[in-house]
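Pasted below: query24.tsv, TSV, C-alpha atoms and all ligand atoms.
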chain	number	residue	atom	x	y	z
A	1	MET	CA	162.45	118.97	84.38
A	2	LYS	CA	162.56	121.35	87.28
A	3	ARG	CA	163.51	120.24	90.72
A	4	GLY	CA	160.27	119.88	92.68
A	5	THR	CA	158.39	118.70	89.65
A	6	ILE	CA	157.42	115.08	89.73
A	7	ALA	CA	156.65	113.59	86.39
A	8	VAL	CA	154.30	110.74	87.04
A	9	LEU	CA	154.04	108.60	83.97
A	10	LEU	CA	151.00	106.83	85.17
A	11	VAL	CA	150.31	104.84	82.08
A	12	LEU	CA	153.40	102.79	82.78
A	13	ALA	CA	154.04	103.47	86.44
A	14	ALA	CA	153.91	100.60	88.84
A	15	CYS	CA	152.04	101.74	91.89
A	16	SER	CA	152.44	100.78	95.51
A	17	PRO	CA	149.36	99.61	97.42
A	18	SER	CA	148.95	103.14	98.80
A	19	GLY	CA	148.42	104.33	95.27
A	20	MET	CA	151.54	106.47	95.21
A	21	PRO	CA	153.86	105.69	92.33
A	22	SER	CA	157.52	105.11	92.98
A	23	ALA	CA	158.11	108.73	92.07
A	24	PRO	CA	161.02	109.40	89.75
A	25	SER	CA	162.96	112.64	90.19
A	26	GLY	CA	162.77	113.34	86.49
A	27	PRO	CA	161.38	111.88	83.31
A	28	SER	CA	162.13	108.25	82.78
A	29	PRO	CA	164.46	107.61	79.84
A	30	THR	CA	162.04	104.89	78.77
A	31	ALA	CA	159.03	107.18	78.91
A	32	PRO	CA	156.91	107.15	75.79
A	33	SER	CA	156.50	110.32	73.82
A	34	PRO	CA	153.25	111.91	74.94
A	35	THR	CA	151.42	111.15	71.74
A	36	ASP	CA	152.31	107.47	71.76
A	37	PRO	CA	149.37	105.23	72.46
A	38	GLY	CA	149.41	103.79	75.95
A	39	PRO	CA	149.56	100.06	76.62
A	40	ALA	CA	145.84	99.72	75.96
A	41	GLY	CA	146.17	101.46	72.63
A	42	VAL	CA	144.55	104.59	74.04
A	43	THR	CA	146.29	107.93	73.61
A	44	PRO	CA	146.47	109.22	77.18
A	45	ILE	CA	144.98	112.52	78.25
A	46	ARG	CA	147.95	114.51	79.51
A	47	VAL	CA	147.12	116.52	82.62
A	48	LEU	CA	149.44	119.05	84.31
A	49	MET	CA	148.30	119.62	87.90
A	50	LEU	CA	149.56	122.71	89.74
A	51	THR	CA	149.21	123.00	93.53
A	52	ALA	CA	151.27	126.18	94.00
A	53	THR	CA	150.08	128.66	96.60
A	54	ALA	CA	150.91	132.31	97.15
A	55	GLY	CA	148.18	132.73	99.78
A	56	PHE	CA	146.33	130.24	101.97
A	57	ARG	CA	147.70	126.71	101.72
A	58	HIS	CA	145.15	123.95	102.21
A	59	ASP	CA	146.03	120.95	104.36
A	60	ALA	CA	144.35	118.78	101.74
A	61	ILE	CA	147.04	119.39	99.08
A	62	PRO	CA	149.03	116.18	99.77
A	63	THR	CA	145.80	114.19	99.70
A	64	ALA	CA	144.72	115.90	96.48
A	65	ARG	CA	148.02	114.95	94.83
A	66	GLN	CA	147.83	111.37	96.07
A	67	VAL	CA	144.19	110.88	95.12
A	68	MET	CA	144.61	112.32	91.64
A	69	THR	CA	147.71	110.20	91.10
A	70	SER	CA	145.92	107.07	92.19
A	71	MET	CA	142.78	107.92	90.23
A	72	ALA	CA	144.74	108.59	87.05
A	73	ALA	CA	146.56	105.29	87.43
A	74	SER	CA	143.30	103.38	87.78
A	75	ALA	CA	141.64	105.26	84.93
A	76	GLY	CA	144.29	104.08	82.50
A	77	ASP	CA	143.71	106.89	79.98
A	78	ILE	CA	145.25	109.74	81.98
A	79	ARG	CA	148.91	110.71	82.29
A	80	LEU	CA	149.23	113.07	85.24
A	81	THR	CA	152.17	115.38	85.92
A	82	LEU	CA	152.28	117.08	89.32
A	83	THR	CA	154.03	120.34	90.01
A	84	GLU	CA	154.30	122.85	92.85
A	85	GLU	CA	156.22	125.31	90.68
A	86	PRO	CA	154.45	128.19	88.92
A	87	SER	CA	157.58	128.50	86.77
A	88	ALA	CA	156.82	125.04	85.33
A	89	ILE	CA	153.78	126.41	83.49
A	90	THR	CA	155.36	127.51	80.21
A	91	ALA	CA	154.39	127.41	76.56
A	92	THR	CA	156.91	124.60	76.06
A	93	ALA	CA	155.52	122.55	78.94
A	94	LEU	CA	151.93	123.14	77.83
A	95	ALA	CA	152.73	121.97	74.32
A	96	ASP	CA	152.91	118.47	75.82
A	97	GLN	CA	149.64	118.70	77.77
A	98	ASP	CA	145.92	118.43	77.13
A	99	VAL	CA	144.54	119.78	80.41
A	100	LEU	CA	145.90	122.32	82.91
A	101	LEU	CA	144.54	121.69	86.41
A	102	PHE	CA	144.82	124.30	89.17
A	103	ALA	CA	144.08	122.38	92.38
A	104	LEU	CA	143.89	124.35	95.64
A	105	THR	CA	146.05	127.14	94.23
A	106	SER	CA	145.87	130.52	95.95
A	107	GLY	CA	147.04	134.09	95.78
A	108	GLU	CA	148.95	136.04	93.18
A	109	LEU	CA	151.06	133.29	91.63
A	110	PRO	CA	154.17	134.85	90.05
A	111	PHE	CA	153.36	134.20	86.40
A	112	SER	CA	155.17	136.33	83.83
A	113	GLY	CA	153.35	137.97	80.95
A	114	GLU	CA	154.62	135.20	78.68
A	115	GLN	CA	153.28	132.51	81.01
A	116	ARG	CA	149.90	134.21	81.20
A	117	ALA	CA	149.71	134.44	77.43
A	118	ALA	CA	150.70	130.77	77.16
A	119	ILE	CA	147.95	129.68	79.56
A	120	LEU	CA	145.25	131.67	77.74
A	121	SER	CA	146.32	130.53	74.28
A	122	PHE	CA	146.60	126.92	75.48
A	123	VAL	CA	142.94	126.85	76.48
A	124	SER	CA	141.50	129.19	73.85
A	125	GLY	CA	143.38	127.19	71.22
A	126	GLY	CA	141.41	124.06	72.05
A	127	LYS	CA	142.78	122.51	75.25
A	128	GLY	CA	141.31	122.21	78.73
A	129	PHE	CA	141.43	124.03	82.05
A	130	ILE	CA	140.16	122.77	85.41
A	131	GLY	CA	140.08	124.78	88.62
A	132	VAL	CA	139.34	123.24	92.00
A	133	HIS	CA	138.21	125.01	95.20
A	134	SER	CA	140.64	127.90	95.88
A	135	ALA	CA	141.54	128.14	92.18
A	136	THR	CA	139.00	130.99	92.39
A	137	ASP	CA	140.99	132.47	95.32
A	138	THR	CA	143.89	132.86	92.90
A	139	LEU	CA	145.18	135.60	90.58
A	140	TYR	CA	142.67	138.34	91.41
A	141	GLY	CA	144.98	140.76	89.63
A	142	TRP	CA	144.59	138.96	86.29
A	143	PRO	CA	141.02	139.47	85.03
A	144	GLU	CA	141.45	137.10	82.06
A	145	TYR	CA	142.18	134.34	84.58
A	146	GLY	CA	138.94	135.25	86.34
A	147	ARG	CA	137.10	134.71	83.07
A	148	LEU	CA	138.94	131.43	82.51
A	149	VAL	CA	138.04	130.01	85.94
A	150	GLY	CA	134.62	131.67	85.87
A	151	ALA	CA	134.48	133.69	89.10
A	152	TYR	CA	136.48	134.97	92.04
A	153	PHE	CA	136.00	133.72	95.60
A	154	LYS	CA	134.15	136.09	97.92
A	155	GLU	CA	133.80	134.28	101.24
A	156	HIS	CA	133.03	130.93	102.82
A	157	PRO	CA	130.07	131.50	105.12
A	158	TRP	CA	129.29	127.83	105.70
A	159	THR	CA	131.70	125.10	106.80
A	160	GLN	CA	129.38	122.25	107.64
A	161	GLN	CA	127.48	119.34	106.22
A	162	ALA	CA	125.13	120.61	103.51
A	163	THR	CA	123.29	119.47	100.41
A	164	VAL	CA	124.41	120.14	96.86
A	165	ILE	CA	121.88	120.04	94.01
A	166	VAL	CA	122.95	118.50	90.71
A	167	GLU	CA	121.62	120.77	87.96
A	168	ASP	CA	122.71	118.69	84.98
A	169	ALA	CA	122.92	114.95	85.61
A	170	SER	CA	123.82	114.30	81.96
A	171	HIS	CA	127.03	116.37	81.78
A	172	PRO	CA	130.15	114.16	81.85
A	173	ALA	CA	131.45	116.01	84.93
A	174	SER	CA	128.27	115.55	86.98
A	175	LYS	CA	126.57	112.43	85.68
A	176	GLY	CA	126.10	109.52	88.01
A	177	LEU	CA	125.68	111.78	91.04
A	178	GLY	CA	121.93	111.55	91.24
A	179	ASP	CA	119.80	114.58	92.06
A	180	ARG	CA	121.80	115.76	95.06
A	181	LEU	CA	124.65	114.93	97.39
A	182	THR	CA	125.25	115.77	101.01
A	183	LEU	CA	128.75	116.29	102.33
A	184	LEU	CA	130.91	118.19	104.80
A	185	GLU	CA	132.60	121.07	102.99
A	186	GLU	CA	133.66	124.67	103.19
A	187	PHE	CA	131.07	126.17	100.84
A	188	TYR	CA	132.14	129.16	98.80
A	189	THR	CA	130.33	132.22	97.58
A	190	PHE	CA	131.67	134.34	94.71
A	191	ARG	CA	132.08	138.05	94.03
A	192	GLU	CA	129.76	137.73	91.03
A	193	ASN	CA	127.38	134.92	90.22
A	194	PRO	CA	128.93	133.20	87.17
A	195	ARG	CA	125.61	131.75	86.01
A	196	PRO	CA	125.13	134.16	83.05
A	197	GLN	CA	128.49	133.09	81.56
A	198	VAL	CA	128.69	129.38	82.37
A	199	GLN	CA	126.67	126.18	82.53
A	200	VAL	CA	126.10	125.54	86.22
A	201	LEU	CA	126.42	121.85	87.11
A	202	LEU	CA	126.13	122.00	90.90
A	203	ARG	CA	124.61	124.54	93.26
A	204	LEU	CA	124.20	124.67	96.99
A	205	ASP	CA	120.76	123.84	98.37
A	206	PRO	CA	120.48	127.05	100.40
A	207	SER	CA	117.84	125.59	102.69
A	208	SER	CA	120.43	123.07	103.92
A	209	VAL	CA	122.44	125.95	105.43
A	210	GLY	CA	119.45	128.04	106.47
A	211	ALA	CA	120.00	130.57	103.69
A	212	SER	CA	118.36	131.66	100.46
A	213	GLY	CA	119.74	132.63	97.07
A	214	ASP	CA	121.60	131.13	94.12
A	215	TYR	CA	125.02	129.65	94.95
A	216	PRO	CA	126.63	127.81	92.02
A	217	LEU	CA	129.35	125.38	93.12
A	218	ALA	CA	130.53	123.75	89.87
A	219	TRP	CA	130.31	124.84	86.27
A	220	ALA	CA	131.51	124.29	82.73
A	221	GLN	CA	132.09	126.75	79.92
A	222	ALA	CA	133.63	127.09	76.50
A	223	PHE	CA	136.76	129.23	76.39
A	224	GLY	CA	137.62	130.07	72.80
A	225	SER	CA	138.00	126.69	71.12
A	226	GLY	CA	138.76	125.06	74.47
A	227	ARG	CA	136.85	124.10	77.58
A	228	SER	CA	136.97	125.20	81.20
A	229	TYR	CA	135.54	123.51	84.28
A	230	TYR	CA	135.49	124.62	87.90
A	231	ASN	CA	134.45	122.84	91.10
A	232	ALA	CA	134.29	124.76	94.39
A	233	LEU	CA	134.40	121.61	96.52
A	234	GLY	CA	137.71	120.19	97.74
A	235	HIS	CA	138.53	122.02	100.97
A	236	PHE	CA	138.79	118.86	103.03
A	237	SER	CA	140.80	115.70	102.41
A	238	SER	CA	137.53	113.85	102.98
A	239	THR	CA	136.16	115.43	99.80
A	240	TRP	CA	139.16	114.30	97.73
A	241	ASN	CA	138.71	110.81	99.14
A	242	ASP	CA	134.98	110.88	98.28
A	243	THR	CA	134.27	108.81	95.17
A	244	ARG	CA	131.46	111.23	94.28
A	245	PHE	CA	134.06	114.00	94.00
A	246	GLN	CA	136.58	111.76	92.23
A	247	GLN	CA	134.07	110.84	89.54
A	248	GLN	CA	133.49	114.55	88.90
A	249	MET	CA	137.23	115.10	88.49
A	250	LEU	CA	137.51	112.16	86.12
A	251	GLY	CA	134.55	113.35	84.06
A	252	ALA	CA	135.90	116.90	84.02
A	253	ILE	CA	139.32	115.75	82.78
A	254	ARG	CA	137.77	113.80	79.93
A	255	TRP	CA	135.29	116.57	79.08
A	256	THR	CA	137.86	119.40	79.11
A	257	ALA	CA	140.15	117.19	77.00
A	258	GLY	CA	137.35	116.78	74.48
A	259	ARG	CA	137.13	112.99	74.96
B	301	ZN	ZN	139.14	125.98	101.60
Now that the file is in, can you turn its structure into structure tokens?
Amino acid sequence: MKRGTIAVLLVLAACSPSGMPSAPSGPSPTAPSPTDPGPAGVTPIRVLMLTATAGFRHDAIPTARQVMTSMAASAGDIRLTLTEEPSAITATALADQDVLLFALTSGELPFSGEQRAAILSFVSGGKGFIGVHSATDTLYGWPEYGRLVGAYFKEHPWTQQATVIVEDASHPASKGLGDRLTLLEEFYTFRENPRPQVQVLLRLDPSSVGASGDYPLAWAQAFGSGRSYYNALGHFSSTWNDTRFQQQMLGAIRWTAGR
């Protein structure tokens, strides 16, 4: 286990009231093998969450890590591993994972050709990928990544309270949200509208920002035999702490894992 990588074996971890586990510096010698059923007899969904940045670094990253850790612990069926190290994303590491989550990543992360191939074959071979917010402001120089995440960030014209329309209230990653939600966010636009290639789950209500047009904000797509999900929300800590956002993350993890 690389220094800087915190393996959080949430299925067994005892958590403090703040929701942060008593973080080990490496894997626990008593850790179950990843395919062992958890205490409830449920095989956990193994999620590897990367928050590495080579460009802009969001202030919300510590909150994102804490919230996802806490949420995974409460969910009971998710084993989350956090890393800040691009070098931790290898074929060997991915062999023990079900979902790769790029949360608030940015810039040209220094992945080797082998790492890139491992990421693509992981998802196309039947596993899951999730990108959050600036995951689309990441790896512009790797077009296959652009297809995996669905689009590349263009600009963020609106940082304000606005309304988001739920396009599919039956999808696991957007159900329970109702028809729309209003929140303070930094709302993204993209170089190309991903709608022809993906199933859009959320879009901005343009009238709520005094604009017009089609602005998808969350989507799902097949990627080979695997599944990819992206959500453009997540700029602010307040979004990560918002249960309406957390339920989307939980649904997305289970959906991309094929559960
Ligand atoms: Zn942002």
Just give me the gap between CA of Ala173 (chain A) and CA of Ala64 (chain A) in Å, one decimal is fine.
17.6 Å
Step by step: start from the point (147.3, 129.3, 97.2) in the file's coordinates, keep every protein, DNA or RNA residue that has an atom no farther than 6 Å from it, count all atoms listed in the file, and write the set as a list in words.
Ala52, Thr53, Ala54, Gly55, Phe56, Arg57, Thr105, Ser106 and Gly107 of chain A
Which residues come within 8 Å of Gln115 (chain A), counting only C-alpha atoms, excluding same-chain residues fewer than 3 positions away, as a VMD selection string?
chain A and resid 89 to 91 111 to 112 118 to 119
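Put simply, CA of Ile61 (chain A) is 20.7 Å away from CA of Ala75 (chain A).
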With ligand ZN 301 (chain B) as the partner and 9 Å as the cut-off, tabulate the residues of chain A that qualify, each row holding the nearest pair of atoms and their distance in Å to one decimal, using only C-alpha atoms and all ligand atoms, sorted by chain and rising number, as CSV.
residue,atom,partner,partner_atom,distance
A:Phe56,CA,B:ZN301,ZN,8.4
A:Arg57,CA,B:ZN301,ZN,8.6
A:His58,CA,B:ZN301,ZN,6.4
A:Asp59,CA,B:ZN301,ZN,9.0
A:Ala60,CA,B:ZN301,ZN,8.9
A:Leu104,CA,B:ZN301,ZN,7.8
A:His133,CA,B:ZN301,ZN,6.5
A:Ser134,CA,B:ZN301,ZN,6.2
A:His156,CA,B:ZN301,ZN,8.0
A:Glu185,CA,B:ZN301,ZN,8.3
A:Glu186,CA,B:ZN301,ZN,5.9
A:Phe187,CA,B:ZN301,ZN,8.1
A:Tyr188,CA,B:ZN301,ZN,8.2
A:Ala232,CA,B:ZN301,ZN,8.8
A:Leu233,CA,B:ZN301,ZN,8.2
A:Gly234,CA,B:ZN301,ZN,7.1
A:His235,CA,B:ZN301,ZN,4.1
A:Phe236,CA,B:ZN301,ZN,7.3
Distance query 12 Å from (131.6, 142.0, 92.4) using all atoms listed in the file, result as number ranges by chain
A: 140, 146, 151-155, 189-194
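For the atom pair formed by CA of Leu50 (chain A) and CA of Ile78 (chain A), the distance is 15.7 Å, given to one decimal.
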List as an mmCIF file with C-alpha atoms, in the coordinates of the input the protein and nucleic acid residues near region 243-256 of chain A, meaning an atom at most 9 Å away when all atoms listed in the file are counted, but skip any in the same chain fewer than 6 places from it.
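Output file result-v1.cif is given in full below:
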data_model
loop_
_atom_site.group_PDB
_atom_site.id
_atom_site.type_symbol
_atom_site.label_atom_id
_atom_site.label_comp_id
_atom_site.auth_asym_id
_atom_site.auth_seq_id
_atom_site.Cartn_x
_atom_site.Cartn_y
_atom_site.Cartn_z
ATOM 1 C CA ILE A 45 144.980 112.520 78.250
ATOM 2 C CA VAL A 47 147.120 116.520 82.620
ATOM 3 C CA VAL A 67 144.190 110.880 95.120
ATOM 4 C CA MET A 68 144.610 112.320 91.640
ATOM 5 C CA MET A 71 142.780 107.920 90.230
ATOM 6 C CA ALA A 72 144.740 108.590 87.050
ATOM 7 C CA ALA A 75 141.640 105.260 84.930
ATOM 8 C CA ILE A 78 145.250 109.740 81.980
ATOM 9 C CA ASP A 98 145.920 118.430 77.130
ATOM 10 C CA VAL A 99 144.540 119.780 80.410
ATOM 11 C CA LEU A 101 144.540 121.690 86.410
ATOM 12 C CA LYS A 127 142.780 122.510 75.250
ATOM 13 C CA GLY A 128 141.310 122.210 78.730
ATOM 14 C CA PHE A 129 141.430 124.030 82.050
ATOM 15 C CA ILE A 130 140.160 122.770 85.410
ATOM 16 C CA HIS A 171 127.030 116.370 81.780
ATOM 17 C CA PRO A 172 130.150 114.160 81.850
ATOM 18 C CA ALA A 173 131.450 116.010 84.930
ATOM 19 C CA SER A 174 128.270 115.550 86.980
ATOM 20 C CA LYS A 175 126.570 112.430 85.680
ATOM 21 C CA GLY A 176 126.100 109.520 88.010
ATOM 22 C CA LEU A 177 125.680 111.780 91.040
ATOM 23 C CA LEU A 181 124.650 114.930 97.390
ATOM 24 C CA ALA A 220 131.510 124.290 82.730
ATOM 25 C CA GLY A 226 138.760 125.060 74.470
ATOM 26 C CA ARG A 227 136.850 124.100 77.580
ATOM 27 C CA SER A 228 136.970 125.200 81.200
ATOM 28 C CA TYR A 229 135.540 123.510 84.280
ATOM 29 C CA TYR A 230 135.490 124.620 87.900
ATOM 30 C CA ASN A 231 134.450 122.840 91.100
ATOM 31 C CA LEU A 233 134.400 121.610 96.520
ATOM 32 C CA GLY A 234 137.710 120.190 97.740
#
Find the residue from A:Val123, A:Asp242, A:Leu139, A:Ala257 that sits nearest to Asp77 (chain A); use only C-alpha atoms when measuring.
A:Ala257
Quick one: of A:Ala222, A:Leu100, A:Leu184, A:Ala95, who's nearest to Thr239 (chain A), counting all atoms listed in the file?
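Under the stated criterion, the closest residue is A:Leu184.
Nearest to Arg46 (chain A) of all the residues A:Gln97, A:Ser124, A:Thr69, A:Ser170 is A:Gln97, based on all atoms listed in the file.
Nearest to Val149 (chain A) of all the residues A:Leu202, A:Val164, A:Leu109, A:Ala218 is A:Ala218, based on only C-alpha atoms.
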